[in-house]
2 protein chains.
Amino acid sequence: MGKADIYEVARAAGVSISTVSRAFTRPELVSAKTRRKVLDIADKLDFNISRSATTLKSGRTNRVAMLMNEEITSWFNTQTFAGIESVMHPAGYDISLFQHIDTERNRDEFFTDLPIQRNVDAVFVASFAIDPHEVEQLRRIHVPIIGINTPSVDGFDASISIDDEKGMYTATQHLINLGHRHIVYPCSEASLLNSSIDARTRGFIRACEDAQGKHDLNWQVLSVPRGPAFADSALSALLALDEFPDSICCQMDMMAIPLVIKLGRYGHLTPRDYSIVGFDDSPNADTINLTTMRQDPYAMGRTAATKALKLIEGEPLTNAHEVVEAQFVPRGTDMPFGGAQ
Amino acid sequence: MGKADIYEVARAAGVSISTVSRAFTRPELVSAKTRRKVLDIADKLDFNISRSATTLKSGRTNRVAMLMNEEITSWFNTQTFAGIESVMHPAGYDISLFQHIDTERNRDEFFTDLPIQRNVDAVFVASFAIDPHEVEQLRRIHVPIIGINTPSVDGFDASISIDDEKGMYTATQHLINLGHRHIVYPCSEASLLNSSIDARTRGFIRACEDAQGKHDLNWQVLSVPRGPAFADSALSALLALDEFPDSICCQMDMMAIPLVIKLGRYGHLTPRDYSIVGFDDSPNADTINLTTMRQDPYAMGRTAATKALKLIEGEPLTNAHEVVEAQFVPRGTDMPFGGAQ
DNA sequence: TTGAAAGCGTTACCAG
DNA sequence: CTGGTAACGCTTTCAA
């Protein structure tokens, strides 16, 4: 907010407040000379249009909400947020962030209070298992709701999701095709709140079951507690196995990367001793040369935001609900079973 | 925004709009019975107070701006943002993000347009070399300006900075004290826009120069181009050296981590063959057991936000400008020179 | 405890 | 192309 108000500027410029307003927001309606004079004086007086007044008048809030599990600092959330921001900011929108909508208490609080707390033009829901009743609550604020990796698209006006199950199915199948028969899937316990995690686990299991008939597969899901030490827990669990597996299929790169590094300290080297594939292609995956399934949450954020903008404008969406596939990224942590020469 | 307006709610509840307003924002001024009735009806009608109207009336925007170099997705920016958010969001503020204020064009555009583009109650400037003229421009929006790791605090109402130079001085000294005499400092070229980077380099150089008298030191700054491949460039430059150094002092962990991993593939193992220390303690530093200097940008963000809130309230700050020190985190990538037994 | 009315700073319609 | 004026939805005195 500047120092002076629109009346002072109008007076100083010898014009009406209408003209001052137009000089800023509809320059084409004002003569070049008048416009220049107004803008000069406004600049001198440190005046600028009040967004609050504009938004009140227009009925638009120029703000959207983004709901997420956990912290904005996680790789997925940051990338998604950045993608949304890259579209919404240039369009004049701010993003109001709601983190940690993943504990019973926070969820309750959030879904009870959102409508009366903030006003937004759209709501993004990123990667969590929102339930139908909660979607219902959200709908009451009467703005478009856009899902990103939500378990279901019921109640959403638009969505973009990665096919986690299929992606993990592909990764698992890759290991099986390589001849691996003893496959372990280390994963942090399902939170019931991150639909991606669950879907990936399903993909792994389905791939193993499908292959079971053709091969004598020894596979298992190795579930460890959530929390900051999940990778170390998985490491211990892996080392405690009677027999070390010939391959590891990881829920995510953040699991795979520490495992590759730390297993090496125990003499288990990839790809010499075992194959391992990750999921995400998050930072440092390339550094350790990890074979993985790539997803692009930044691009998903952009897509979601583009849909949101259209919905806000009342434009129809040609394909409201999109599903994208994870992309296989072959690198150096996998090798045919017994294939080292 | 809900469906109904305040008049409908007032009518349905048989009260005036004043009472409806108070039921929401000053519940203590309304009888319990009336309040309940109003809130019930409001809920039924999906009504809720318009923030736009409230902010217009109050003169507050309930929004702050955050300026940064590069992307929100960098570790430092994400952490700082999350820290600010953790304080500002509960206080009712949204954060309007301005990324990439680091190219000539973006800077110009930004500093010319900010005042007329958005209205904010405070501005955070994170980690870049804003120049005095630009601070001057910023000041014209007449709100508190809070710096985070800015090169100077002139013109800022408050600031929190890490002592990068001292931190790197300490790290370098540590290597020298360990007996190392051939030290290389790989760093991506100074951007002129990231004051932290410059300060760290100065710290390294000063530590070397200070030790020069006492020891026969062979030190050098190995500058490589900025960009996504900076770590690989540093790797090549290091391998091209006539003699491989006995120690490496890294500008940041994002440089150190790939180096440790990739140098290993060329047979240079730490701490056996060389010592290396990083800076930041960013993700995976612990995974590879990297000795480093820790900084906590999340905490700095919180501190900055706390100061901002006070300034917005017009409260005095007891210590407007704070400097914190990086903390030495000894782990496993350093060892006395020739000390392996 | 409640109601009436002024006013926050714009925008947009309608005149001129 | 420009000016006057109502209206956006709320908060806040002031009265009752």
# chains A, B, ... in the order shown; residues from 1 in each chain; ligands from 1
call {"tool": "closest_atom_pairs", "arguments": {"of": "chain C", "to": "chain A", "cutoff": "9 Å", "atoms": "only C-alpha atoms (C1' of nucleotides)", "output": "JSON lines"}}
result
{"residue": "C:DC8", "atom": "C1'", "partner": "A:Ala53", "partner_atom": "CA", "distance": 8.1}
{"residue": "C:DG9", "atom": "C1'", "partner": "A:Ala53", "partner_atom": "CA", "distance": 5.1}
{"residue": "C:DT10", "atom": "C1'", "partner": "A:Ala53", "partner_atom": "CA", "distance": 4.8}
{"residue": "C:DT11", "atom": "C1'", "partner": "A:Lys57", "partner_atom": "CA", "distance": 6.5}
call {"tool": "write_last_selection", "arguments": {"atoms": "C-alpha atoms (C1' of nucleotides)", "output": "PDB file, in the first residue's frame"}}
result
ATOM      1  C1'  DC C   8     -12.788   1.184   3.572  1.00  0.00           C
ATOM      2  C1'  DG C   9     -10.662   1.865  -2.047  1.00  0.00           C
ATOM      3  C1'  DT C  10     -11.858   0.253  -5.901  1.00  0.00           C
ATOM      4  C1'  DT C  11     -14.607  -0.614 -10.437  1.00  0.00           C
TER       5       DT C  11
END
call {"tool": "interface_residues", "arguments": {"of": "chain A", "to": "chain B", "cutoff": "7 Å", "atoms": "only C-alpha atoms", "output": "short mmCIF file (atom, residue, chain, number, x, y, z; two decimals) with N, CA and C atoms, in the first residue's frame"}}
result
data_model
loop_
_atom_site.label_atom_id
_atom_site.label_comp_id
_atom_site.auth_asym_id
_atom_site.auth_seq_id
_atom_site.Cartn_x
_atom_site.Cartn_y
_atom_site.Cartn_z
N MET A 1 0.81 -1.20 0.00
CA MET A 1 0.00 0.00 0.00
C MET A 1 0.84 1.25 0.00
N GLY A 2 0.50 2.13 -0.87
CA GLY A 2 1.23 3.39 -0.92
C GLY A 2 0.76 4.32 0.18
N ASP A 46 3.91 7.62 -4.31
CA ASP A 46 3.97 6.23 -3.86
C ASP A 46 2.58 5.61 -3.78
N ASN A 48 -0.39 3.19 -5.14
CA ASN A 48 -0.69 2.05 -6.00
C ASN A 48 -2.03 1.46 -5.65
N ILE A 49 -2.61 0.83 -6.64
CA ILE A 49 -3.94 0.26 -6.50
C ILE A 49 -3.99 -0.76 -5.36
N SER A 50 -5.01 -0.71 -4.57
CA SER A 50 -5.17 -1.66 -3.47
C SER A 50 -5.81 -2.95 -3.98
N ARG A 51 -5.06 -4.01 -3.79
CA ARG A 51 -5.60 -5.30 -4.19
C ARG A 51 -6.85 -5.66 -3.41
N SER A 52 -6.85 -5.30 -2.16
CA SER A 52 -8.00 -5.65 -1.32
C SER A 52 -9.28 -5.07 -1.92
N ALA A 53 -9.19 -3.81 -2.30
CA ALA A 53 -10.37 -3.16 -2.85
C ALA A 53 -10.74 -3.81 -4.18
N THR A 55 -10.14 -6.85 -5.19
CA THR A 55 -10.71 -8.18 -5.04
C THR A 55 -12.12 -8.11 -4.45
N LEU A 56 -12.32 -7.17 -3.58
CA LEU A 56 -13.66 -7.03 -3.01
C LEU A 56 -14.65 -6.73 -4.14
N THR A 61 -10.93 -13.66 -5.26
CA THR A 61 -10.02 -13.45 -4.14
C THR A 61 -8.58 -13.42 -4.60
N ILE A 72 5.76 -29.06 3.29
CA ILE A 72 6.06 -28.51 1.97
C ILE A 72 7.48 -28.91 1.57
N THR A 73 8.31 -29.22 2.54
CA THR A 73 9.72 -29.49 2.25
C THR A 73 9.99 -30.86 1.61
N THR A 78 7.21 -29.99 -2.69
CA THR A 78 7.90 -28.80 -3.20
C THR A 78 7.75 -28.69 -4.71
N GLN A 79 7.96 -29.79 -5.38
CA GLN A 79 7.87 -29.78 -6.84
C GLN A 79 6.46 -29.44 -7.30
N ALA A 82 5.77 -25.81 -6.62
CA ALA A 82 6.48 -24.96 -7.57
C ALA A 82 5.79 -24.97 -8.93
N ASP A 94 -2.14 -15.85 -5.40
CA ASP A 94 -1.27 -16.33 -4.33
C ASP A 94 -1.76 -17.70 -3.91
N SER A 96 -2.36 -20.21 -0.78
CA SER A 96 -2.45 -20.34 0.67
C SER A 96 -2.23 -21.82 0.99
N PRO A 115 -13.83 -23.30 5.38
CA PRO A 115 -14.80 -22.41 4.73
C PRO A 115 -14.89 -21.06 5.42
N ILE A 116 -14.74 -21.03 6.71
CA ILE A 116 -14.90 -19.75 7.37
C ILE A 116 -13.58 -19.03 7.56
N ARG A 118 -10.70 -18.87 5.26
CA ARG A 118 -10.06 -18.23 4.12
C ARG A 118 -11.02 -18.28 2.96
N ASN A 119 -10.86 -17.39 2.09
CA ASN A 119 -11.65 -17.45 0.89
C ASN A 119 -10.70 -17.63 -0.27
N VAL A 120 -11.02 -18.56 -1.07
CA VAL A 120 -10.14 -18.88 -2.18
C VAL A 120 -10.96 -19.12 -3.45
N ARG A 140 -18.54 -27.31 -0.30
CA ARG A 140 -19.41 -26.26 0.23
C ARG A 140 -18.84 -24.86 0.07
N ILE A 141 -17.54 -24.77 -0.22
CA ILE A 141 -17.06 -23.41 -0.44
C ILE A 141 -17.27 -22.99 -1.90
N HIS A 142 -17.87 -23.91 -2.66
CA HIS A 142 -18.33 -23.55 -4.00
C HIS A 142 -17.25 -23.02 -4.92
N PRO A 258 19.59 -44.19 0.22
CA PRO A 258 20.34 -44.59 1.42
C PRO A 258 20.67 -46.08 1.42
N THR A 287 22.96 -39.23 -9.29
CA THR A 287 24.31 -39.26 -8.72
C THR A 287 24.76 -40.68 -8.39
#
call {"tool": "select_by_dssp", "arguments": {"residues": "region 2-234 of chain B", "states": "helix (DSSP H, G or I)", "output": "count of residues only"}}
result
114
call {"tool": "residues_around", "arguments": {"residues": "DT2 (chain D)", "least_positions_apart": "3", "cutoff": "10 Å", "atoms": "only C-alpha atoms (C1' of nucleotides)", "output": "PyMOL selection string"}}
result
(chain A and resi 15-16+18-19+29-31) or (chain C and resi 16)
call {"tool": "select_by_dssp", "arguments": {"residues": "region 243-332 of chain A", "states": "strand (DSSP E or B)", "output": "list in words"}}
result
Ser247, Ile248, Cys249, Ser275, Ile276, Val277, Gly278, Phe279, Asp280, Thr291, Thr292, Met293, Arg294, His321, Glu322, Val323, Val324, Gln327, Phe328 and Val329 of chain A
call {"tool": "interface_residues", "arguments": {"of": "chain D", "to": "chain A", "cutoff": "7 Å", "atoms": "only C-alpha atoms (C1' of nucleotides)", "output": "list of chain:residue names"}}
result
D:DC1, D:DT2, D:DG3, D:DC8
call {"tool": "write_last_selection", "arguments": {"atoms": "N, CA and C atoms (P, O5', C5', C4', C3', O3' and C1' of nucleotides)", "output": "compact mmCIF listing (two decimals), in the first residue's frame"}}
result
# COMPACT_ATOMS: atom_id res chain seq x y z
P DC D 1 -8.98 7.26 -26.73
O5' DC D 1 -9.72 8.28 -25.76
C5' DC D 1 -9.11 9.54 -25.54
C4' DC D 1 -9.94 10.29 -24.54
C3' DC D 1 -9.66 9.94 -23.06
O3' DC D 1 -9.29 11.15 -22.40
C1' DC D 1 -11.98 10.04 -23.49
P DT D 2 -8.63 11.16 -21.05
O5' DT D 2 -9.88 11.51 -20.14
C5' DT D 2 -10.45 12.82 -20.25
C4' DT D 2 -11.72 12.87 -19.43
C3' DT D 2 -11.56 12.51 -17.96
O3' DT D 2 -11.84 13.68 -17.20
C1' DT D 2 -13.51 11.54 -18.90
P DG D 3 -11.59 13.64 -15.66
O5' DG D 3 -13.10 13.57 -15.15
C5' DG D 3 -13.98 14.63 -15.51
C4' DG D 3 -15.37 14.38 -14.94
C3' DG D 3 -15.38 14.08 -13.43
O3' DG D 3 -16.44 14.83 -12.86
C1' DG D 3 -16.45 12.32 -14.63
P DC D 8 -23.97 -4.63 -4.34
O5' DC D 8 -22.60 -5.40 -4.15
C5' DC D 8 -21.75 -5.76 -5.25
C4' DC D 8 -20.37 -5.95 -4.71
C3' DC D 8 -20.34 -6.52 -3.29
O3' DC D 8 -20.13 -7.92 -3.36
C1' DC D 8 -18.78 -4.69 -3.58
call {"tool": "atom_distance", "arguments": {"atom1": "CA of Gln220 (chain A)", "atom2": "CA of Val323 (chain A)"}}
result
28.2 Å
call {"tool": "residues_around", "arguments": {"residues": "Val324 (chain B)", "least_positions_apart": "6", "cutoff": "9 Å", "atoms": "only C-alpha atoms (C1' of nucleotides)", "output": "ChimeraX atom specification"}}
result
/B:160-163,295,300
call {"tool": "write_last_selection", "arguments": {"atoms": "N, CA, C and O atoms", "output": "PDB file, in the first residue's frame"}}
result
ATOM      1  N   ILE B 160      18.154 -11.567   9.583  1.00  0.00           N
ATOM      2  CA  ILE B 160      18.778 -12.710  10.234  1.00  0.00           C
ATOM      3  C   ILE B 160      19.718 -13.312   9.202  1.00  0.00           C
ATOM      4  O   ILE B 160      19.322 -13.553   8.069  1.00  0.00           O
ATOM      5  N   SER B 161      20.950 -13.493   9.605  1.00  0.00           N
ATOM      6  CA  SER B 161      21.925 -13.990   8.643  1.00  0.00           C
ATOM      7  C   SER B 161      22.837 -15.006   9.291  1.00  0.00           C
ATOM      8  O   SER B 161      23.097 -14.962  10.493  1.00  0.00           O
ATOM      9  N   ILE B 162      23.321 -15.907   8.472  1.00  0.00           N
ATOM     10  CA  ILE B 162      24.319 -16.822   8.975  1.00  0.00           C
ATOM     11  C   ILE B 162      25.676 -16.232   8.625  1.00  0.00           C
ATOM     12  O   ILE B 162      25.839 -15.577   7.602  1.00  0.00           O
ATOM     13  N   ASP B 163      26.626 -16.471   9.484  1.00  0.00           N
ATOM     14  CA  ASP B 163      27.965 -15.959   9.211  1.00  0.00           C
ATOM     15  C   ASP B 163      28.688 -16.970   8.319  1.00  0.00           C
ATOM     16  O   ASP B 163      29.435 -17.822   8.791  1.00  0.00           O
ATOM     17  N   GLN B 295      23.779 -25.344   8.822  1.00  0.00           N
ATOM     18  CA  GLN B 295      22.991 -24.126   9.027  1.00  0.00           C
ATOM     19  C   GLN B 295      21.531 -24.564   9.023  1.00  0.00           C
ATOM     20  O   GLN B 295      21.193 -25.627   8.498  1.00  0.00           O
ATOM     21  N   MET B 300      15.893 -19.932  10.566  1.00  0.00           N
ATOM     22  CA  MET B 300      16.093 -18.540  10.179  1.00  0.00           C
ATOM     23  C   MET B 300      14.793 -17.963   9.628  1.00  0.00           C
ATOM     24  O   MET B 300      14.443 -16.806   9.908  1.00  0.00           O
TER      25      MET B 300
END
call {"tool": "residues_around", "arguments": {"residues": "DT5 (chain D)", "least_positions_apart": "2", "cutoff": "10 Å", "atoms": "only C-alpha atoms (C1' of nucleotides)", "output": "MDAnalysis selection string"}}
result
(chainID C and resid 13:14) or (chainID D and resid 3 7)
call {"tool": "residues_around", "arguments": {"residues": "Arg139 (chain A)", "least_positions_apart": "5", "cutoff": "8 Å", "atoms": "only C-alpha atoms (C1' of nucleotides)", "output": "list in words"}}
result
Pro144, Ile145 and Gly155 of chain A
call {"tool": "write_last_selection", "arguments": {"atoms": "C-alpha atoms", "output": "CSV table (one decimal), in the first residue's frame"}}
result
chain,number,residue,atom,x,y,z
A,144,PRO,CA,-13.3,-25.7,-8.2
A,145,ILE,CA,-11.5,-28.5,-6.5
A,155,GLY,CA,-16.2,-35.0,-6.2
call {"tool": "residues_around", "arguments": {"residues": "Ile101 (chain A)", "least_positions_apart": "2", "cutoff": "6 Å", "atoms": "only C-alpha atoms (C1' of nucleotides)", "output": "PyMOL selection string"}}
result
chain A and resi 68-69+99+106-107
call {"tool": "closest_residue", "arguments": {"among": "A:Asp108, A:Glu243, A:Asp273, A:Asp113", "to": "Ile130 (chain A)", "atoms": "only C-alpha atoms"}}
result
A:Asp108
call {"tool": "decode", "arguments": {"residues": "region 241-254 of chain A", "atoms": "all heavy atoms", "output": "PDB file, in the first residue's frame"}}
result
ATOM      1  N   LEU A 241      17.706 -60.516   7.167  1.00  0.00           N
ATOM      2  CA  LEU A 241      17.097 -61.607   6.395  1.00  0.00           C
ATOM      3  C   LEU A 241      18.016 -62.840   6.391  1.00  0.00           C
ATOM      4  O   LEU A 241      19.235 -62.715   6.374  1.00  0.00           O
ATOM      5  CB  LEU A 241      16.885 -61.130   4.955  1.00  0.00           C
ATOM      6  CG  LEU A 241      15.482 -60.745   4.478  1.00  0.00           C
ATOM      7  CD1 LEU A 241      14.582 -60.255   5.597  1.00  0.00           C
ATOM      8  CD2 LEU A 241      15.570 -59.701   3.378  1.00  0.00           C
ATOM      9  N   ASP A 242      17.409 -64.015   6.377  1.00  0.00           N
ATOM     10  CA  ASP A 242      18.211 -65.244   6.331  1.00  0.00           C
ATOM     11  C   ASP A 242      19.094 -65.260   5.085  1.00  0.00           C
ATOM     12  O   ASP A 242      20.264 -65.617   5.132  1.00  0.00           O
ATOM     13  CB  ASP A 242      17.294 -66.478   6.305  1.00  0.00           C
ATOM     14  CG  ASP A 242      16.680 -66.726   7.669  1.00  0.00           C
ATOM     15  OD1 ASP A 242      17.248 -66.225   8.664  1.00  0.00           O
ATOM     16  OD2 ASP A 242      15.630 -67.395   7.738  1.00  0.00           O
ATOM     17  N   GLU A 243      18.475 -64.881   4.032  1.00  0.00           N
ATOM     18  CA  GLU A 243      19.236 -64.851   2.788  1.00  0.00           C
ATOM     19  C   GLU A 243      19.064 -63.477   2.157  1.00  0.00           C
ATOM     20  O   GLU A 243      17.934 -62.964   2.083  1.00  0.00           O
ATOM     21  CB  GLU A 243      18.693 -65.922   1.838  1.00  0.00           C
ATOM     22  CG  GLU A 243      19.519 -66.133   0.601  1.00  0.00           C
ATOM     23  CD  GLU A 243      18.884 -67.187  -0.306  1.00  0.00           C
ATOM     24  OE1 GLU A 243      17.741 -67.597  -0.020  1.00  0.00           O
ATOM     25  OE2 GLU A 243      19.524 -67.572  -1.293  1.00  0.00           O
ATOM     26  N   PHE A 244      20.160 -62.866   1.722  1.00  0.00           N
ATOM     27  CA  PHE A 244      20.044 -61.542   1.103  1.00  0.00           C
ATOM     28  C   PHE A 244      19.413 -61.708  -0.273  1.00  0.00           C
ATOM     29  O   PHE A 244      19.776 -62.596  -1.030  1.00  0.00           O
ATOM     30  CB  PHE A 244      21.421 -60.881   0.991  1.00  0.00           C
ATOM     31  CG  PHE A 244      21.333 -59.406   0.718  1.00  0.00           C
ATOM     32  CD1 PHE A 244      21.030 -58.516   1.751  1.00  0.00           C
ATOM     33  CD2 PHE A 244      21.538 -58.907  -0.566  1.00  0.00           C
ATOM     34  CE1 PHE A 244      20.929 -57.145   1.491  1.00  0.00           C
ATOM     35  CE2 PHE A 244      21.427 -57.536  -0.828  1.00  0.00           C
ATOM     36  CZ  PHE A 244      21.137 -56.659   0.204  1.00  0.00           C
ATOM     37  N   PRO A 245      18.451 -60.843  -0.603  1.00  0.00           N
ATOM     38  CA  PRO A 245      17.733 -60.994  -1.874  1.00  0.00           C
ATOM     39  C   PRO A 245      18.625 -60.691  -3.077  1.00  0.00           C
ATOM     40  O   PRO A 245      19.665 -60.063  -2.934  1.00  0.00           O
ATOM     41  CB  PRO A 245      16.614 -59.961  -1.760  1.00  0.00           C
ATOM     42  CG  PRO A 245      17.142 -58.919  -0.828  1.00  0.00           C
ATOM     43  CD  PRO A 245      17.986 -59.668   0.168  1.00  0.00           C
ATOM     44  N   ASP A 246      18.184 -61.143  -4.238  1.00  0.00           N
ATOM     45  CA  ASP A 246      18.949 -60.786  -5.432  1.00  0.00           C
ATOM     46  C   ASP A 246      18.450 -59.485  -6.045  1.00  0.00           C
ATOM     47  O   ASP A 246      19.047 -58.960  -6.968  1.00  0.00           O
ATOM     48  CB  ASP A 246      18.923 -61.930  -6.466  1.00  0.00           C
ATOM     49  CG  ASP A 246      17.504 -62.333  -6.840  1.00  0.00           C
ATOM     50  OD1 ASP A 246      16.639 -61.440  -6.955  1.00  0.00           O
ATOM     51  OD2 ASP A 246      17.261 -63.546  -7.003  1.00  0.00           O
ATOM     52  N   SER A 247      17.360 -58.968  -5.473  1.00  0.00           N
ATOM     53  CA  SER A 247      16.864 -57.702  -5.998  1.00  0.00           C
ATOM     54  C   SER A 247      15.971 -56.995  -4.987  1.00  0.00           C
ATOM     55  O   SER A 247      15.312 -57.629  -4.169  1.00  0.00           O
ATOM     56  CB  SER A 247      16.097 -57.934  -7.299  1.00  0.00           C
ATOM     57  OG  SER A 247      15.034 -58.825  -7.061  1.00  0.00           O
ATOM     58  N   ILE A 248      15.975 -55.678  -5.109  1.00  0.00           N
ATOM     59  CA  ILE A 248      15.187 -54.846  -4.200  1.00  0.00           C
ATOM     60  C   ILE A 248      14.386 -53.866  -5.033  1.00  0.00           C
ATOM     61  O   ILE A 248      14.922 -53.195  -5.914  1.00  0.00           O
ATOM     62  CB  ILE A 248      16.098 -54.070  -3.232  1.00  0.00           C
ATOM     63  CG1 ILE A 248      16.942 -55.051  -2.399  1.00  0.00           C
ATOM     64  CG2 ILE A 248      15.289 -53.163  -2.322  1.00  0.00           C
ATOM     65  CD1 ILE A 248      17.974 -54.370  -1.511  1.00  0.00           C
ATOM     66  N   CYS A 249      13.111 -53.814  -4.712  1.00  0.00           N
ATOM     67  CA  CYS A 249      12.217 -52.921  -5.426  1.00  0.00           C
ATOM     68  C   CYS A 249      11.769 -51.874  -4.407  1.00  0.00           C
ATOM     69  O   CYS A 249      11.177 -52.213  -3.384  1.00  0.00           O
ATOM     70  CB  CYS A 249      11.030 -53.736  -5.944  1.00  0.00           C
ATOM     71  SG  CYS A 249       9.987 -52.833  -7.061  1.00  0.00           S
ATOM     72  N   CYS A 250      12.097 -50.630  -4.667  1.00  0.00           N
ATOM     73  CA  CYS A 250      11.850 -49.626  -3.633  1.00  0.00           C
ATOM     74  C   CYS A 250      10.629 -48.763  -3.893  1.00  0.00           C
ATOM     75  O   CYS A 250      10.395 -48.288  -5.001  1.00  0.00           O
ATOM     76  CB  CYS A 250      13.057 -48.714  -3.484  1.00  0.00           C
ATOM     77  SG  CYS A 250      14.354 -49.452  -2.516  1.00  0.00           S
ATOM     78  N   GLN A 251       9.923 -48.566  -2.843  1.00  0.00           N
ATOM     79  CA  GLN A 251       8.768 -47.685  -2.793  1.00  0.00           C
ATOM     80  C   GLN A 251       9.093 -46.300  -3.343  1.00  0.00           C
ATOM     81  O   GLN A 251       8.280 -45.659  -3.994  1.00  0.00           O
ATOM     82  CB  GLN A 251       8.409 -47.589  -1.316  1.00  0.00           C
ATOM     83  CG  GLN A 251       7.257 -46.763  -0.925  1.00  0.00           C
ATOM     84  CD  GLN A 251       7.244 -46.663   0.594  1.00  0.00           C
ATOM     85  OE1 GLN A 251       8.277 -46.454   1.225  1.00  0.00           O
ATOM     86  NE2 GLN A 251       6.070 -46.804   1.166  1.00  0.00           N
ATOM     87  N   MET A 252      10.281 -45.801  -3.024  1.00  0.00           N
ATOM     88  CA  MET A 252      10.672 -44.480  -3.522  1.00  0.00           C
ATOM     89  C   MET A 252      12.183 -44.337  -3.463  1.00  0.00           C
ATOM     90  O   MET A 252      12.863 -45.048  -2.729  1.00  0.00           O
ATOM     91  CB  MET A 252       9.995 -43.376  -2.708  1.00  0.00           C
ATOM     92  CG  MET A 252      10.200 -43.511  -1.210  1.00  0.00           C
ATOM     93  SD  MET A 252       9.315 -42.201  -0.315  1.00  0.00           S
ATOM     94  CE  MET A 252       9.569 -42.737   1.376  1.00  0.00           C
ATOM     95  N   ASP A 253      12.688 -43.376  -4.228  1.00  0.00           N
ATOM     96  CA  ASP A 253      14.129 -43.149  -4.270  1.00  0.00           C
ATOM     97  C   ASP A 253      14.692 -42.800  -2.895  1.00  0.00           C
ATOM     98  O   ASP A 253      15.832 -43.132  -2.581  1.00  0.00           O
ATOM     99  CB  ASP A 253      14.459 -42.012  -5.243  1.00  0.00           C
ATOM    100  CG  ASP A 253      14.245 -42.438  -6.687  1.00  0.00           C
ATOM    101  OD1 ASP A 253      13.938 -43.611  -6.914  1.00  0.00           O
ATOM    102  OD2 ASP A 253      14.387 -41.576  -7.574  1.00  0.00           O
ATOM    103  N   MET A 254      13.907 -42.124  -2.108  1.00  0.00           N
ATOM    104  CA  MET A 254      14.405 -41.728  -0.794  1.00  0.00           C
ATOM    105  C   MET A 254      14.663 -42.943   0.086  1.00  0.00           C
ATOM    106  O   MET A 254      15.328 -42.853   1.116  1.00  0.00           O
ATOM    107  CB  MET A 254      13.426 -40.779  -0.104  1.00  0.00           C
ATOM    108  CG  MET A 254      13.579 -39.352  -0.583  1.00  0.00           C
ATOM    109  SD  MET A 254      12.522 -38.265   0.370  1.00  0.00           S
ATOM    110  CE  MET A 254      13.077 -38.621   2.044  1.00  0.00           C
TER     111      MET A 254
END
